[in-house]
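File shown here: entry_6.csv, holding CSV, C-alpha atoms and all ligand atoms.
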```
chain,number,residue,atom,x,y,z
A,1,MET,CA,96.7,55.9,151.1
A,2,SER,CA,94.8,59.1,151.2
A,3,ARG,CA,94.8,61.3,154.3
A,4,PHE,CA,91.8,61.4,156.6
A,5,ARG,CA,90.1,58.7,154.6
A,6,ARG,CA,86.3,58.9,154.9
A,7,HIS,CA,84.1,56.0,153.9
A,8,THR,CA,81.0,56.6,151.9
A,9,PRO,CA,78.9,53.5,151.9
A,10,VAL,CA,78.3,52.0,148.5
A,11,GLU,CA,74.8,50.6,148.1
A,12,THR,CA,75.6,47.3,146.6
A,13,GLU,CA,78.3,46.5,149.2
A,14,ILE,CA,76.0,46.6,152.2
A,15,VAL,CA,74.7,43.1,152.8
A,16,GLY,CA,71.3,42.6,154.2
A,17,VAL,CA,70.2,46.2,154.0
A,18,PRO,CA,67.6,46.5,151.2
A,19,ALA,CA,67.2,49.7,149.3
A,20,SER,CA,63.6,50.9,149.9
A,21,PRO,CA,61.5,54.0,150.1
A,22,GLY,CA,61.0,53.2,153.7
A,23,GLN,CA,58.6,50.8,155.4
A,24,PRO,CA,55.6,52.6,156.8
A,25,THR,CA,54.6,51.5,160.3
A,26,SER,CA,51.9,52.3,162.8
A,27,GLN,CA,54.5,52.0,165.6
A,28,LEU,CA,55.2,55.3,167.4
A,29,CYS,CA,58.5,57.1,166.7
A,30,SER,CA,61.2,55.6,168.9
A,31,GLU,CA,62.4,59.1,170.0
A,32,PRO,CA,61.1,59.4,173.6
A,33,GLY,CA,58.1,61.8,173.7
A,34,CYS,CA,57.9,62.2,169.9
A,35,ASP,CA,54.4,61.8,168.3
A,36,GLY,CA,55.6,62.7,164.8
A,37,PRO,CA,53.6,61.4,161.8
A,38,ASP,CA,54.6,59.1,158.8
A,39,ARG,CA,56.9,56.7,160.7
A,40,VAL,CA,59.0,54.2,158.9
A,41,THR,CA,61.0,51.3,160.4
A,42,CYS,CA,64.8,51.2,160.4
A,43,ASP,CA,66.0,49.2,157.4
A,44,TYR,CA,69.0,47.6,159.2
A,45,ARG,CA,69.2,43.8,159.2
A,46,ASP,CA,72.0,42.0,161.2
A,47,ARG,CA,73.9,39.0,160.0
A,48,ARG,CA,71.1,36.7,161.0
A,49,GLY,CA,68.6,38.8,159.1
A,50,THR,CA,66.9,40.1,162.3
A,51,PRO,CA,65.4,43.5,161.6
A,52,CYS,CA,66.0,46.5,163.8
A,53,PRO,CA,62.8,47.0,165.9
A,54,THR,CA,62.8,50.8,165.9
A,55,ALA,CA,60.5,53.2,164.0
A,56,TRP,CA,61.1,56.9,163.3
A,57,CYS,CA,59.3,59.9,162.0
A,58,PRO,CA,60.8,62.0,159.2
A,59,GLN,CA,62.5,64.3,161.7
A,60,HIS,CA,64.3,61.5,163.5
A,61,ILE,CA,65.1,59.0,160.7
A,62,VAL,CA,68.5,59.1,159.1
A,63,LYS,CA,68.6,58.6,155.4
A,64,ILE,CA,71.7,57.2,153.8
A,65,ASN,CA,71.5,56.5,150.1
A,66,ALA,CA,68.2,54.7,149.8
A,67,TRP,CA,68.1,53.4,153.4
A,68,HIS,CA,66.1,54.7,156.3
A,69,LEU,CA,68.1,54.0,159.5
A,70,CYS,CA,68.1,54.7,163.2
A,71,ARG,CA,71.0,56.8,164.5
A,72,ARG,CA,72.9,53.8,165.8
A,73,HIS,CA,72.7,51.9,162.6
A,74,ALA,CA,73.4,54.9,160.4
A,75,ARG,CA,76.6,55.2,162.4
A,76,ILE,CA,77.5,51.6,161.8
A,77,VAL,CA,76.7,51.7,158.1
A,78,GLN,CA,78.7,54.9,157.6
A,79,SER,CA,81.6,53.8,159.7
A,80,LEU,CA,82.3,50.3,158.6
A,81,ALA,CA,84.9,49.9,155.9
A,82,PRO,CA,83.5,48.5,152.7
A,83,VAL,CA,85.3,45.2,153.4
A,84,GLU,CA,83.0,44.4,156.3
A,85,PHE,CA,80.1,44.4,154.0
A,86,ARG,CA,81.5,42.1,151.3
A,87,GLY,CA,80.9,39.0,153.5
A,88,GLU,CA,84.4,38.8,154.8
A,89,LEU,CA,83.2,39.8,158.2
A,90,PRO,CA,79.6,39.5,159.5
A,91,ALA,CA,77.6,42.7,160.0
A,92,PRO,CA,77.3,43.3,163.7
A,93,ASP,CA,74.5,41.8,165.7
A,94,LEU,CA,71.5,44.0,166.4
A,95,ASP,CA,71.9,44.2,170.1
A,96,ASN,CA,75.7,44.8,169.9
A,97,ARG,CA,76.5,48.3,171.0
A,98,ALA,CA,80.3,47.8,170.7
A,99,PRO,CA,80.7,49.1,167.1
A,100,SER,CA,78.5,52.1,167.5
A,101,LEU,CA,80.1,53.0,170.8
A,102,ALA,CA,83.6,52.7,169.3
A,103,SER,CA,82.5,54.7,166.3
A,104,TYR,CA,80.9,57.4,168.4
A,105,LEU,CA,84.1,57.8,170.5
A,106,ALA,CA,86.2,58.0,167.3
A,107,ASP,CA,83.9,60.5,165.7
A,108,THR,CA,84.0,62.7,168.7
A,109,LEU,CA,87.8,62.4,169.2
A,110,ASP,CA,88.6,62.7,165.5
A,111,GLU,CA,89.4,66.4,165.5
A,112,PRO,CA,91.6,66.6,168.7
A,113,MET,CA,93.4,63.3,167.9
A,114,ARG,CA,94.3,64.5,164.4
A,115,LYS,CA,95.3,67.9,165.8
A,116,LEU,CA,97.6,66.3,168.3
A,117,LEU,CA,99.3,64.0,165.8
A,118,VAL,CA,99.6,66.8,163.3
A,119,GLU,CA,101.5,68.8,166.0
A,120,LEU,CA,104.0,65.9,166.3
A,121,ALA,CA,104.3,65.3,162.5
A,122,ARG,CA,107.2,66.6,160.4
A,123,PRO,CA,105.6,67.3,157.1
A,124,ALA,CA,108.9,68.5,155.6
A,125,LEU,CA,110.2,64.9,156.1
A,126,GLY,CA,107.1,63.4,154.4
A,127,GLU,CA,105.3,62.6,157.7
A,128,TYR,CA,101.5,62.7,157.7
A,129,VAL,CA,98.5,61.7,159.7
A,130,ALA,CA,95.7,59.3,158.6
A,131,SER,CA,92.4,58.2,160.2
A,132,GLU,CA,91.3,54.6,160.0
A,133,ALA,CA,87.8,53.2,159.4
A,134,LEU,CA,86.0,51.2,162.1
A,135,ASN,CA,87.5,47.8,162.1
A,136,LEU,CA,86.7,44.4,163.8
A,137,VAL,CA,89.8,42.8,165.4
A,138,THR,CA,89.4,39.2,166.3
A,139,SER,CA,91.9,37.3,168.5
A,140,VAL,CA,92.7,33.6,168.6
A,141,SER,CA,90.9,33.4,172.0
A,142,GLY,CA,87.7,34.5,170.3
A,143,GLU,CA,87.6,38.1,171.5
A,144,ARG,CA,86.0,40.6,169.1
A,145,ARG,CA,87.1,44.2,169.5
A,146,TRP,CA,85.7,47.1,167.5
A,147,SER,CA,88.5,49.5,166.9
A,148,GLN,CA,89.1,52.8,165.2
A,149,GLY,CA,92.2,54.9,165.3
A,150,TRP,CA,94.7,57.4,163.9
A,151,LYS,CA,98.2,56.9,162.7
A,152,LEU,CA,101.3,59.1,162.3
A,153,PHE,CA,103.3,57.9,159.4
A,154,ASP,CA,106.8,58.6,158.5
A,155,ASN,CA,108.3,57.8,155.1
A,156,THR,CA,108.9,54.1,156.1
A,157,GLY,CA,105.5,53.3,157.6
A,158,PRO,CA,103.4,53.9,160.8
A,159,LEU,CA,105.4,55.6,163.5
A,160,LEU,CA,102.6,55.5,166.1
A,161,ARG,CA,99.0,54.6,166.3
A,162,ILE,CA,96.4,55.7,168.9
A,163,GLY,CA,92.9,54.1,168.8
A,164,VAL,CA,89.7,53.6,170.7
A,165,GLU,CA,88.2,50.2,171.0
A,166,VAL,CA,85.3,48.3,172.6
A,167,ASP,CA,85.4,44.6,173.2
A,168,GLU,CA,82.0,43.0,172.6
A,169,LYS,CA,82.1,41.0,175.8
A,170,ARG,CA,83.3,44.0,177.9
A,171,ASP,CA,80.9,46.6,176.6
A,172,PRO,CA,80.5,49.4,177.9
A,173,GLU,CA,84.1,49.3,178.9
A,174,CYS,CA,86.2,51.2,176.4
A,175,ASN,CA,90.0,51.1,175.8
A,176,LEU,CA,92.5,53.6,174.6
A,177,ARG,CA,95.2,51.7,172.8
A,178,LEU,CA,98.6,53.3,172.0
A,179,ASN,CA,100.6,51.1,169.6
A,180,SER,CA,100.2,47.6,171.2
A,181,ARG,CA,99.4,48.8,174.8
A,182,VAL,CA,96.1,49.6,176.4
A,183,VAL,CA,96.9,52.9,178.2
A,184,LEU,CA,93.4,53.6,179.6
A,185,ARG,CA,90.2,51.6,180.3
A,186,PHE,CA,87.1,53.6,181.1
A,187,VAL,CA,83.3,53.4,181.1
A,188,PRO,CA,81.9,56.6,179.5
A,189,PRO,CA,80.3,58.6,182.3
A,190,TRP,CA,77.0,59.0,180.5
A,191,ILE,CA,76.5,55.2,180.3
A,192,ARG,CA,77.5,54.8,184.0
A,193,GLU,CA,75.1,57.6,185.0
A,194,ARG,CA,72.3,56.3,182.9
A,195,ARG,CA,72.6,53.0,184.6
A,196,ALA,CA,72.5,54.7,188.0
A,197,GLY,CA,69.4,56.6,186.9
A,198,ALA,CA,70.8,60.2,187.0
A,199,PRO,CA,69.2,62.2,184.2
A,200,PHE,CA,70.6,65.5,183.0
A,201,SER,CA,69.1,68.1,180.7
A,202,PRO,CA,70.4,67.9,177.1
A,203,GLU,CA,72.5,71.1,177.7
A,204,ASP,CA,74.1,69.7,180.8
A,205,GLU,CA,74.6,66.4,179.2
A,206,ALA,CA,76.4,68.0,176.2
A,207,GLU,CA,78.6,70.1,178.5
A,208,ARG,CA,79.5,67.1,180.6
A,209,ARG,CA,80.5,65.1,177.5
A,210,ARG,CA,82.6,68.0,176.2
A,211,VAL,CA,84.4,68.2,179.6
A,212,PHE,CA,84.9,64.4,179.6
A,213,PHE,CA,86.5,64.3,176.2
A,214,GLU,CA,88.6,67.4,176.9
A,215,THR,CA,89.9,65.8,180.1
A,216,LEU,CA,90.5,62.5,178.3
A,217,MET,CA,92.6,64.2,175.7
A,218,GLU,CA,94.6,66.5,178.0
A,219,GLN,CA,95.2,64.2,181.0
A,220,HIS,CA,95.6,60.8,179.3
A,221,VAL,CA,96.0,60.9,175.5
A,222,ARG,CA,98.4,63.9,175.1
A,223,PRO,CA,100.9,62.9,177.8
A,224,ALA,CA,100.9,59.2,176.6
A,225,VAL,CA,101.2,60.1,172.9
A,226,VAL,CA,103.9,62.7,173.5
A,227,ALA,CA,106.0,60.2,175.6
A,228,GLU,CA,105.5,57.5,173.0
A,229,GLU,CA,106.6,59.8,170.2
A,230,ARG,CA,109.8,60.6,172.1
A,231,TRP,CA,110.4,56.9,172.6
A,232,VAL,CA,109.9,55.9,169.0
A,233,ARG,CA,112.2,58.7,167.9
A,234,ARG,CA,114.8,58.0,170.5
A,235,TRP,CA,117.5,56.9,168.1
A,236,GLU,CA,117.3,60.2,166.2
A,237,ARG,CA,118.7,61.9,169.2
A,238,SER,CA,121.4,59.4,169.7
A,239,PRO,CA,124.9,60.1,168.5
A,240,GLN,CA,124.9,56.5,167.2
A,241,ALA,CA,121.9,57.2,165.0
A,242,GLY,CA,124.1,57.4,161.9
A,243,ALA,CA,125.5,53.9,162.6
A,244,ARG,CA,122.0,52.3,162.5
A,245,SER,CA,120.5,51.4,159.3
B,1,ZN,ZN,60.2,61.4,165.8
B,2,ZN,ZN,68.2,50.5,163.6
```
How does this structure look as structure tokens?
Amino acid sequence: MSRFRRHTPVETEIVGVPASPGQPTSQLCSEPGCDGPDRVTCDYRDRRGTPCPTAWCPQHIVKINAWHLCRRHARIVQSLAPVEFRGELPAPDLDNRAPSLASYLADTLDEPMRKLLVELARPALGEYVASEALNLVTSVSGERRWSQGWKLFDNTGPLLRIGVEVDEKRDPECNLRLNSRVVLRFVPPWIRERRAGAPFSPEDEAERRRVFFETLMEQHVRPAVVAEERWVRRWERSPQAGARS
């Protein structure tokens, strides 16, 4: 396994997204207030073949390989592990925000999460940190959770894992999961506030998100991960450690 694995989508692996020069449309750019020329539609099709209804000007479209995509679908296409596109798992439904929300949280938290785990790792003993791709976790009771996380490995396997996840049925509620336990449930403040109709300027919004993620890391993630690391390493400090195999 390589460290900090990044997934580059491979054209032929993405089911239902045709390669195209872009489909011109007379529809306005979906960016609020934008009257940009030369709009094309988003190329994304979900597992039922339903096309994404958005259109974008050259300034607001995201190009990945030969596709023209809206930001949400660009995120999904870039984040999903290739396995999700080989038909083993269906591509997410169009109106399903869970994968892009999980992926957004994971992208934003990637640097501080890796930094925290790297602080706890002992590279001299062969320990290292790795990031996961976005993954769909299904349970026997039919829950579908989109999950992405980070792992600290020692030379025998994963020592601990921290991840963000969004259950399709509970969206926009997000979870932070540490090993098998959910340690925090939260609704991102910008989603809560948007629902309440409280608009902020782009600068204020960016600053509020920065503060939110910093607080999340320092008040919730760091204490929980540090305590968990002590717990999983507890035998190392025990005088009986040598007796265990
Ligand atoms: Zn535009
Ligand atoms: Zn789209």
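Omitting A:Leu125 and its sequence neighbours fewer than 5 positions away, and counting only C-alpha atoms, the residues within 12 Å are Leu120, Phe153, Asp154, Asn155 and Thr156 of chain A.
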>> As a quick test: using only C-alpha atoms and all ligand atoms, which residues lie no more than 6 Å away from ligand ZN 1 (chain B)? Give them as a VMD selection string.
In response: chain A and resid 29 31 34 36 56 to 57 59 to 60
> What residues have any atom no more than 8 Å from ligand ZN 2 (chain B) when counting all atoms listed in the file, and can you list them as an MDAnalysis selection string?
Replying inline: chainID A and resid 41:44 51:54 69:74 94
> What's the 10 Å shell around A:Phe212, counting only C-alpha atoms, without same-chain residues fewer than 6 positions away, as a PyMOL selection string?
Replying inline: chain A and resi 188-190+206
Those residues you just picked out, can you put them in a file as a short mmCIF file (atom, residue, chain, number, x, y, z; two decimals), in the coordinates of the input with C-alpha atoms?
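Generated file (again08.cif):
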```cif
data_model
loop_
_atom_site.label_atom_id
_atom_site.label_comp_id
_atom_site.auth_asym_id
_atom_site.auth_seq_id
_atom_site.Cartn_x
_atom_site.Cartn_y
_atom_site.Cartn_z
CA PRO A 188 81.90 56.60 179.50
CA PRO A 189 80.30 58.60 182.30
CA TRP A 190 77.00 59.00 180.50
CA ALA A 206 76.40 68.00 176.20
#
```
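Between atom CA of A:Gly157 and atom CA of A:Leu116 lies a distance of 18.6 Å.
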> Do you know which residues are at most 12 Å from A:Glu205 counting all atoms listed in the file, after dropping those on the same chain fewer than 3 positions away, and could you put them as a PyMOL selection string?
Replying inline: chain A and resi 189-191+193-194+198-202+208-212
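Picture a line from atom CA of A:Lys115 to atom CA of A:Val232; it runs 19.2 Å.
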> In Å to one decimal, how far is atom CA of A:Asp171 from atom CA of A:Glu214?
Replying inline: 22.2 Å
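The neighbours of A:Arg75 here are the residues that come within 9 Å of it, using only C-alpha atoms and leaving out any residue fewer than 5 positions away in the same chain; they are Cys70, Leu80, Pro99, Ser100, Ser103 and Tyr104 of chain A.
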Just to be explicit: take each residue in the selection above, keep C-alpha atoms, and write the result as a short mmCIF file (atom, residue, chain, number, x, y, z; two decimals), in the frame of the given file.
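Output file selection.cif is given in full below:
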```cif
data_model
loop_
_atom_site.label_atom_id
_atom_site.label_comp_id
_atom_site.auth_asym_id
_atom_site.auth_seq_id
_atom_site.Cartn_x
_atom_site.Cartn_y
_atom_site.Cartn_z
CA CYS A 70 68.10 54.70 163.20
CA LEU A 80 82.30 50.30 158.60
CA PRO A 99 80.70 49.10 167.10
CA SER A 100 78.50 52.10 167.50
CA SER A 103 82.50 54.70 166.30
CA TYR A 104 80.90 57.40 168.40
#
```
Rebuild N, CA and C atoms on stretch 172-202 of chain A, as a short mmCIF file (atom, residue, chain, number, x, y, z; two decimals), in the frame of the given file?
```cif
data_model
loop_
_atom_site.label_atom_id
_atom_site.label_comp_id
_atom_site.auth_asym_id
_atom_site.auth_seq_id
_atom_site.Cartn_x
_atom_site.Cartn_y
_atom_site.Cartn_z
N PRO A 172 80.08 48.09 178.43
CA PRO A 172 80.50 49.40 177.90
C PRO A 172 81.90 49.83 178.26
N GLU A 173 82.76 48.90 178.65
CA GLU A 173 84.10 49.30 178.90
C GLU A 173 84.83 49.65 177.62
N CYS A 174 85.51 50.78 177.59
CA CYS A 174 86.20 51.20 176.40
C CYS A 174 87.71 51.28 176.69
N ASN A 175 88.52 51.05 175.69
CA ASN A 175 90.00 51.10 175.80
C ASN A 175 90.53 52.20 174.93
N LEU A 176 91.62 52.79 175.42
CA LEU A 176 92.50 53.60 174.60
C LEU A 176 93.73 52.80 174.35
N ARG A 177 94.07 52.53 173.11
CA ARG A 177 95.20 51.70 172.80
C ARG A 177 96.28 52.55 172.10
N LEU A 178 97.50 52.55 172.64
CA LEU A 178 98.60 53.30 172.00
C LEU A 178 99.60 52.26 171.54
N ASN A 179 99.82 52.21 170.25
CA ASN A 179 100.60 51.10 169.60
C ASN A 179 99.99 49.79 170.18
N SER A 180 100.76 48.90 170.78
CA SER A 180 100.20 47.60 171.20
C SER A 180 99.62 47.63 172.62
N ARG A 181 99.78 48.73 173.34
CA ARG A 181 99.40 48.80 174.80
C ARG A 181 98.09 49.45 175.01
N VAL A 182 97.30 48.89 175.92
CA VAL A 182 96.10 49.60 176.40
C VAL A 182 96.61 50.60 177.45
N VAL A 183 96.39 51.89 177.22
CA VAL A 183 96.90 52.90 178.20
C VAL A 183 95.76 53.41 179.08
N LEU A 184 94.52 53.12 178.75
CA LEU A 184 93.40 53.60 179.60
C LEU A 184 92.19 52.70 179.36
N ARG A 185 91.54 52.28 180.45
CA ARG A 185 90.20 51.60 180.30
C ARG A 185 89.22 52.53 181.05
N PHE A 186 88.08 52.72 180.43
CA PHE A 186 87.10 53.60 181.10
C PHE A 186 85.67 53.19 180.61
N VAL A 187 84.70 53.48 181.47
CA VAL A 187 83.30 53.40 181.10
C VAL A 187 82.83 54.82 180.89
N PRO A 188 82.30 55.18 179.70
CA PRO A 188 81.90 56.60 179.50
C PRO A 188 80.88 56.97 180.60
N PRO A 189 81.09 58.16 181.18
CA PRO A 189 80.30 58.60 182.30
C PRO A 189 78.79 58.60 182.04
N TRP A 190 78.42 58.94 180.78
CA TRP A 190 77.00 59.00 180.50
C TRP A 190 76.32 57.65 180.52
N ILE A 191 77.10 56.59 180.23
CA ILE A 191 76.50 55.20 180.30
C ILE A 191 76.45 54.81 181.78
N ARG A 192 77.49 55.11 182.54
CA ARG A 192 77.50 54.80 184.00
C ARG A 192 76.34 55.50 184.66
N GLU A 193 76.15 56.77 184.33
CA GLU A 193 75.10 57.60 185.00
C GLU A 193 73.72 57.16 184.60
N ARG A 194 73.58 56.76 183.34
CA ARG A 194 72.30 56.30 182.90
C ARG A 194 71.86 55.07 183.65
N ARG A 195 72.84 54.19 183.87
CA ARG A 195 72.60 53.00 184.60
C ARG A 195 72.19 53.31 186.06
N ALA A 196 72.81 54.35 186.60
CA ALA A 196 72.50 54.70 188.00
C ALA A 196 71.26 55.59 188.05
N GLY A 197 70.66 55.89 186.90
CA GLY A 197 69.40 56.60 186.90
C GLY A 197 69.56 58.11 187.23
N ALA A 198 70.62 58.75 186.75
CA ALA A 198 70.80 60.20 187.00
C ALA A 198 70.64 60.97 185.75
N PRO A 199 69.43 61.49 185.50
CA PRO A 199 69.20 62.20 184.20
C PRO A 199 69.70 63.64 184.28
N PHE A 200 70.17 64.12 183.15
CA PHE A 200 70.60 65.50 183.00
C PHE A 200 69.87 66.14 181.87
N SER A 201 69.75 67.44 181.87
CA SER A 201 69.10 68.10 180.70
C SER A 201 70.06 67.96 179.53
N PRO A 202 69.52 68.08 178.29
CA PRO A 202 70.40 67.90 177.10
C PRO A 202 71.57 68.87 177.12
#
```
